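Chemist: Pasting upload_34.cif below, which is mmCIF, C-alpha atoms.
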```cif
data_data
#
loop_
_atom_site.group_PDB
_atom_site.id
_atom_site.type_symbol
_atom_site.label_atom_id
_atom_site.label_comp_id
_atom_site.auth_asym_id
_atom_site.auth_seq_id
_atom_site.Cartn_x
_atom_site.Cartn_y
_atom_site.Cartn_z
ATOM 1 C CA MET A 260 -19.741 -6.965 0.195
ATOM 2 C CA VAL A 261 -17.047 -9.236 -1.239
ATOM 3 C CA LEU A 262 -14.730 -11.208 1.037
ATOM 4 C CA LEU A 263 -11.158 -11.855 -0.050
ATOM 5 C CA ASP A 264 -8.635 -14.645 0.552
ATOM 6 C CA GLU A 265 -8.249 -15.343 4.293
ATOM 7 C CA GLN A 266 -11.532 -13.527 4.944
ATOM 8 C CA LYS A 267 -13.325 -16.254 2.972
ATOM 9 C CA VAL A 268 -11.432 -18.883 4.959
ATOM 10 C CA ALA A 269 -12.545 -17.309 8.241
ATOM 11 C CA PHE A 270 -16.149 -17.032 7.068
ATOM 12 C CA GLU A 271 -16.289 -20.638 5.859
ATOM 13 C CA THR A 272 -14.591 -21.887 9.038
ATOM 14 C CA VAL A 273 -17.406 -20.414 11.099
ATOM 15 C CA VAL A 274 -20.128 -21.672 8.758
ATOM 16 C CA GLN A 275 -18.699 -25.204 8.873
ATOM 17 C CA ALA A 276 -18.443 -25.072 12.673
ATOM 18 C CA VAL A 277 -22.115 -24.096 12.884
ATOM 19 C CA ARG A 278 -23.125 -26.984 10.638
ATOM 20 C CA LYS A 279 -21.016 -29.410 12.658
ATOM 21 C CA ALA A 280 -22.469 -28.157 15.935
ATOM 22 C CA ARG A 281 -25.958 -28.880 14.637
ATOM 23 C CA ALA A 282 -25.103 -32.282 13.198
ATOM 24 C CA ALA A 283 -22.768 -33.677 15.854
ATOM 25 C CA ASN A 284 -23.504 -31.584 18.968
ATOM 26 C CA THR A 285 -19.993 -30.110 18.999
ATOM 27 C CA ARG A 286 -18.712 -26.825 20.380
ATOM 28 C CA THR A 287 -16.084 -24.721 18.627
ATOM 29 C CA VAL A 288 -14.193 -21.513 19.316
ATOM 30 C CA VAL A 289 -12.920 -19.728 16.208
ATOM 31 C CA VAL A 290 -10.249 -17.053 16.726
ATOM 32 C CA VAL A 291 -9.803 -14.618 13.836
ATOM 33 C CA LEU A 292 -6.536 -12.690 14.120
ATOM 34 C CA GLY A 293 -5.869 -9.512 12.159
ATOM 35 C CA GLY A 294 -4.681 -5.962 12.498
ATOM 36 C CA PRO A 295 -6.477 -2.736 11.570
ATOM 37 C CA GLY A 296 -7.867 -2.865 8.046
ATOM 38 C CA SER A 297 -7.500 -6.639 7.700
ATOM 39 C CA GLY A 298 -11.233 -7.112 7.232
ATOM 40 C CA LYS A 299 -12.406 -8.465 10.586
ATOM 41 C CA SER A 300 -15.504 -6.260 10.558
ATOM 42 C CA ALA A 301 -16.317 -7.198 6.968
ATOM 43 C CA ILE A 302 -16.310 -10.827 8.020
ATOM 44 C CA VAL A 303 -18.368 -10.324 11.144
ATOM 45 C CA LEU A 304 -21.100 -8.291 9.417
ATOM 46 C CA ASN A 305 -21.328 -10.874 6.642
ATOM 47 C CA MET A 306 -21.659 -13.560 9.308
ATOM 48 C CA VAL A 307 -24.446 -11.726 11.127
ATOM 49 C CA GLY A 308 -26.397 -11.265 7.911
ATOM 50 C CA GLU A 309 -25.927 -14.815 6.663
ATOM 51 C CA LEU A 310 -26.713 -16.459 10.007
ATOM 52 C CA VAL A 311 -29.871 -14.386 10.425
ATOM 53 C CA ARG A 312 -30.874 -15.281 6.867
ATOM 54 C CA ILE A 313 -30.642 -19.018 7.540
ATOM 55 C CA GLY A 314 -32.460 -18.755 10.862
ATOM 56 C CA ARG A 315 -29.627 -19.197 13.348
ATOM 57 C CA ALA A 316 -29.606 -17.524 16.769
ATOM 58 C CA VAL A 317 -26.701 -15.069 16.634
ATOM 59 C CA HIS A 318 -25.446 -12.075 18.599
ATOM 60 C CA HIS A 319 -22.612 -9.619 17.965
ATOM 61 C CA ALA A 320 -20.966 -8.484 21.208
ATOM 62 C CA THR A 321 -18.298 -5.913 22.056
ATOM 63 C CA GLY A 322 -16.783 -4.224 25.069
ATOM 64 C CA SER A 323 -17.290 -0.811 23.468
ATOM 65 C CA GLY A 324 -20.438 1.109 24.302
ATOM 66 C CA ALA A 325 -19.906 3.581 21.469
ATOM 67 C CA PHE A 326 -19.416 0.881 18.809
ATOM 68 C CA THR A 327 -22.411 -1.173 19.918
ATOM 69 C CA ARG A 328 -24.672 1.873 20.080
ATOM 70 C CA THR A 329 -23.581 2.877 16.567
ATOM 71 C CA LEU A 330 -24.363 -0.599 15.212
ATOM 72 C CA ARG A 331 -27.785 -0.539 16.859
ATOM 73 C CA LYS A 332 -28.479 2.865 15.354
ATOM 74 C CA LEU A 333 -27.466 1.707 11.890
ATOM 75 C CA ALA A 334 -29.601 -1.415 12.246
ATOM 76 C CA GLY A 335 -32.600 0.927 12.346
ATOM 77 C CA SER A 336 -34.353 2.770 15.156
ATOM 78 C CA ARG A 337 -37.643 1.034 14.336
ATOM 79 C CA ASN A 338 -36.171 -2.424 13.919
ATOM 80 C CA THR A 339 -35.941 -3.642 17.515
ATOM 81 C CA ARG A 340 -35.188 -7.215 16.441
ATOM 82 C CA ALA A 341 -32.097 -6.095 14.529
ATOM 83 C CA GLN A 342 -30.989 -3.846 17.374
ATOM 84 C CA GLY A 343 -31.263 -6.795 19.740
ATOM 85 C CA LEU A 344 -28.533 -8.636 17.855
ATOM 86 C CA PHE A 345 -25.899 -6.216 19.142
ATOM 87 C CA LYS A 346 -24.853 -6.777 22.754
ATOM 88 C CA TYR A 347 -22.083 -6.140 25.264
ATOM 89 C CA PHE A 348 -19.632 -8.642 26.695
ATOM 90 C CA ASN A 349 -21.242 -8.315 30.125
ATOM 91 C CA ASN A 350 -24.754 -9.257 28.926
ATOM 92 C CA TYR A 351 -24.322 -13.023 29.425
ATOM 93 C CA VAL A 352 -23.969 -13.465 33.193
ATOM 94 C CA GLU A 353 -27.434 -15.020 33.487
ATOM 95 C CA SER A 354 -27.554 -16.746 30.095
ATOM 96 C CA GLU A 355 -28.149 -20.448 29.637
ATOM 97 C CA SER A 356 -25.456 -22.650 28.146
ATOM 98 C CA ARG A 357 -25.635 -22.776 24.345
ATOM 99 C CA GLU A 358 -28.728 -20.603 24.083
ATOM 100 C CA LEU A 359 -27.164 -19.125 20.916
ATOM 101 C CA ASP A 360 -25.893 -20.854 17.826
ATOM 102 C CA VAL A 361 -23.165 -18.242 17.339
ATOM 103 C CA LEU A 362 -21.699 -15.407 19.394
ATOM 104 C CA LEU A 363 -19.425 -13.025 17.481
ATOM 105 C CA CYS A 364 -17.082 -11.235 19.882
ATOM 106 C CA ASP A 365 -15.525 -8.127 18.335
ATOM 107 C CA GLY A 366 -12.553 -6.397 19.977
ATOM 108 C CA VAL A 367 -11.561 -9.314 22.190
ATOM 109 C CA HIS A 368 -8.770 -7.335 23.862
ATOM 110 C CA ARG A 369 -11.563 -5.539 25.781
ATOM 111 C CA ILE A 370 -12.699 -8.705 27.603
ATOM 112 C CA LEU A 371 -12.588 -8.245 31.375
ATOM 113 C CA GLU A 372 -11.894 -10.695 34.181
ATOM 114 C CA THR A 373 -15.563 -10.527 35.222
ATOM 115 C CA SER A 374 -18.832 -9.070 33.943
ATOM 116 C CA VAL A 375 -19.705 -7.778 37.400
ATOM 117 C CA ASN A 376 -19.746 -4.012 37.884
ATOM 118 C CA ARG A 377 -21.215 -1.530 40.364
ATOM 119 C CA PHE A 378 -24.660 -1.852 38.752
ATOM 120 C CA THR A 379 -24.781 -5.657 39.021
ATOM 121 C CA LYS A 380 -27.490 -7.001 41.321
ATOM 122 C CA LYS A 381 -26.350 -8.871 44.414
ATOM 123 C CA GLU A 382 -27.992 -12.143 43.362
ATOM 124 C CA VAL A 383 -26.303 -11.949 39.960
ATOM 125 C CA ARG A 384 -22.897 -11.254 41.521
ATOM 126 C CA ALA A 385 -23.120 -14.554 43.364
ATOM 127 C CA GLN A 386 -23.360 -16.580 40.136
ATOM 128 C CA ALA A 387 -20.976 -14.558 37.961
ATOM 129 C CA GLY A 388 -17.789 -16.238 36.798
ATOM 130 C CA ARG A 389 -15.080 -15.248 34.361
ATOM 131 C CA GLN A 390 -16.346 -13.146 31.465
ATOM 132 C CA ILE A 391 -14.517 -15.167 28.808
ATOM 133 C CA ASN A 392 -16.124 -18.374 30.100
ATOM 134 C CA GLU A 393 -19.576 -16.782 29.852
ATOM 135 C CA LEU A 394 -18.899 -15.753 26.246
ATOM 136 C CA ILE A 395 -17.776 -19.239 25.281
ATOM 137 C CA ASP A 396 -20.535 -21.048 27.175
ATOM 138 C CA VAL A 397 -23.484 -19.109 25.736
ATOM 139 C CA ALA A 398 -23.021 -20.368 22.148
ATOM 140 C CA SER A 399 -22.294 -23.556 20.237
ATOM 141 C CA VAL A 400 -19.807 -21.567 18.183
ATOM 142 C CA ALA A 401 -18.013 -18.579 19.707
ATOM 143 C CA VAL A 402 -16.020 -16.370 17.343
ATOM 144 C CA PHE A 403 -13.339 -14.079 18.766
ATOM 145 C CA LEU A 404 -12.008 -11.299 16.527
ATOM 146 C CA LEU A 405 -8.659 -10.189 17.876
ATOM 147 C CA ASP A 406 -5.923 -7.714 17.027
ATOM 148 C CA GLU A 407 -2.911 -8.991 18.975
ATOM 149 C CA HIS A 408 -1.226 -5.587 18.755
ATOM 150 C CA GLN A 409 -4.005 -3.649 20.463
ATOM 151 C CA ILE A 410 -3.065 -1.991 23.734
ATOM 152 C CA VAL A 411 -4.640 -3.837 26.655
ATOM 153 C CA ARG A 412 -5.704 -1.540 29.486
ATOM 154 C CA PRO A 413 -5.613 -2.484 33.191
ATOM 155 C CA GLY A 414 -8.353 -4.998 33.929
ATOM 156 C CA GLU A 415 -8.577 -6.246 30.330
ATOM 157 C CA MET A 416 -7.382 -9.711 29.448
ATOM 158 C CA GLY A 417 -8.462 -10.722 25.934
ATOM 159 C CA SER A 418 -5.600 -12.490 24.128
ATOM 160 C CA LEU A 419 -5.033 -15.523 21.912
ATOM 161 C CA GLU A 420 -3.503 -17.488 24.768
ATOM 162 C CA GLU A 421 -6.274 -16.595 27.215
ATOM 163 C CA THR A 422 -8.976 -17.436 24.681
ATOM 164 C CA THR A 423 -7.562 -20.787 23.572
ATOM 165 C CA THR A 424 -6.847 -21.860 27.159
ATOM 166 C CA ALA A 425 -10.413 -21.042 28.241
ATOM 167 C CA ALA A 426 -11.879 -22.766 25.177
ATOM 168 C CA LYS A 427 -9.946 -25.989 25.711
ATOM 169 C CA ALA A 428 -10.841 -25.975 29.407
ATOM 170 C CA GLN A 429 -14.512 -26.059 28.374
ATOM 171 C CA GLY A 430 -13.946 -28.906 25.942
ATOM 172 C CA CYS A 431 -14.232 -26.822 22.769
ATOM 173 C CA ALA A 432 -12.373 -27.408 19.540
ATOM 174 C CA VAL A 433 -10.259 -24.375 18.584
ATOM 175 C CA GLU A 434 -9.733 -23.003 15.074
ATOM 176 C CA VAL A 435 -7.379 -20.057 14.424
ATOM 177 C CA VAL A 436 -7.489 -18.028 11.205
ATOM 178 C CA ARG A 437 -4.926 -15.299 10.531
ATOM 179 C CA LEU A 438 -5.842 -12.421 8.226
ATOM 180 C CA ALA A 439 -3.218 -10.599 6.197
ATOM 181 C CA GLY A 440 -3.053 -7.320 4.320
ATOM 182 C CA GLN A 441 -5.155 -4.197 4.371
ATOM 183 C CA PHE A 442 -8.809 -4.173 3.452
ATOM 184 C CA ARG A 443 -11.175 -1.282 4.002
ATOM 185 C CA CYS A 444 -14.878 -2.021 3.831
ATOM 186 C CA GLY A 445 -16.640 1.020 5.268
ATOM 187 C CA ARG A 446 -17.614 -1.255 8.138
ATOM 188 C CA LEU A 447 -20.304 0.881 9.727
ATOM 189 C CA ARG A 448 -22.101 1.563 6.454
ATOM 190 C CA SER A 449 -21.875 -2.075 5.442
ATOM 191 C CA ILE A 450 -24.397 -3.191 8.048
ATOM 192 C CA ARG A 451 -27.126 -1.983 5.701
ATOM 193 C CA ARG A 452 -25.925 -4.488 3.106
ATOM 194 C CA VAL A 453 -26.397 -7.597 5.201
ATOM 195 C CA GLY A 454 -30.169 -7.557 5.521
ATOM 196 C CA LEU A 455 -30.430 -5.783 8.882
ATOM 197 C CA GLU A 456 -31.665 -2.416 7.685
ATOM 198 C CA ASP A 457 -34.879 -0.938 9.006
ATOM 199 C CA SER A 458 -37.745 -2.241 6.894
ATOM 200 C CA ARG A 459 -39.937 0.512 5.505
ATOM 201 C CA ALA A 460 -42.435 -1.823 3.839
#
```
Represent the structure of the file as structure tokens.

Modeler:
Amino acid sequence: MVLLDEQKVAFETVVQAVRKARAANTRTVVVVLGGPGSGKSAIVLNMVGELVRIGRAVHHATGSGAFTRTLRKLAGSRNTRAQGLFKYFNNYVESESRELDVLLCDGVHRILETSVNRFTKKEVRAQAGRQINELIDVASVAVFLLDEHQIVRPGEMGSLEETTTAAKAQGCAVEVVRLAGQFRCGRLRSIRRVGLEDSRA
């Protein structure tokens, strides 16, 4: 899939941040802002494919069960490694700091105050903090894809201000890339073009 204009800028910003993290032990939060059809999903699927190709530890995370399940299905029912790349925002309560090179957070407006829910074990509840801090802490480079015009429901708190404040509090550099225009990529089909399809060999 071909990236255009600001999409290329966003992609290269993340790639450079990953290289810098490796070379200079830095941490960066990249916020990609864009409305519906601006190409956020095109960017994120390209990033997943490219980072896997070069051997980086990467996850794609969302707050949407339906979206994540669809991505896992498209990655291939027999390809458990590819399915394992697609997570939920609340999967990182017990994660170690910087255990990933990159975490791609899609639909940031769905971030909650905490990852704790009624299914969370008591011992895990005791160590849980703010969900946005967990998402930033788990990776050397955290990428937040955000539509500032999305309706935020009660209990949700993902925003540019919230993200940048949390990032700076953890000592991360912050890069913001704004996407413009309309770009349709067939985002769910495009996962098969980034090297994550089920291998039949």

Chemist: Can you list what the PyMOL selection byres ((chain A and resi 401) around 7) grabs from this structure, as a list in words?

Modeler: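 For this structure, the PyMOL selection byres ((chain A and resi 401) around 7) resolves to Thr287, Val288, Val289, Val361, Leu362, Leu363, Ile395, Ala398, Ser399, Val400, Val402 and Phe403 of chain A.
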
Chemist: Convert the output of the PyMOL selection byres ((chain A and resi 432) around 10) on the shown file into explicit residues, formatted as a PyMOL selection string.

Modeler: chain A and resi 276+285-289+400+423+426-427+429-431+433-434

Chemist: Using the chain letters and residue numbers of this document, give as a list in words the residues selected by the PyMOL selection byres ((chain A and resi 346) around 10).

Modeler: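 Expected selection for the PyMOL selection byres ((chain A and resi 346) around 10) here is His318, His319, Ala320, Thr321, Gly322, Ser323, Gly324, Thr327, Arg328, Leu330, Arg331, Gln342, Gly343, Leu344, Phe345, Tyr347, Phe348, Asn349, Asn350, Tyr351, Leu362, Leu363 and Cys364 of chain A.
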
Chemist: Using all atoms of range 329-346 of chain A listed in the file and a margin of 4 Å per side, can you give the axis-aligned box centre and edge lengths in Å to one decimal, as lines of an AutoDock Vina configuration file?

Modeler:
```
center_x = -30.6
center_y = -2.9
center_z = 17.3
size_x = 22.1
size_y = 19.5
size_z = 18.9
```

Chemist: For the atom pair CA of Gly414 in chain A and CA of Arg437 in chain A, what is the interatomic distance in Å to one decimal place?

Modeler: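 Separation of CA of Gly414 in chain A and CA of Arg437 in chain A: 25.8 Å.
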
Chemist: Work out how far CA of Ala341 in chain A is from CA of Ala301 in chain A, in Å to one decimal.

Modeler: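 About the pair CA of Ala301 in chain A and CA of Ala341 in chain A: they are 17.5 Å apart.
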
Chemist: Pick the closest to Val273 in chain A from A:Leu419, A:Leu405, A:Leu310, A:Leu371: which is it, counting only C-alpha atoms?

Modeler: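 So, comparing all the options, the nearest one is A:Leu310.
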
Chemist: Could you tell me how far CA of Ile302 in chain A lies from CA of Val290 in chain A, in Å and to one decimal?

Modeler: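 CA of Ile302 in chain A sits 12.3 Å away from CA of Val290 in chain A.
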
Chemist: Go through A:Gln275, A:Ser354, A:Ser297, A:Ser336 and flag the residue nearest Ala439 in chain A, using only C-alpha atoms for the distances.

Modeler: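 Selected residue with least distance to Ala439 in chain A: A:Ser297.
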
Chemist: Which residue, A:Ala269, A:Leu394, A:Leu304, A:Leu292, has the smallest gap to His408 in chain A when you use only C-alpha atoms?

Modeler: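 That would be A:Leu292, the residue with the smallest distance to His408 in chain A.
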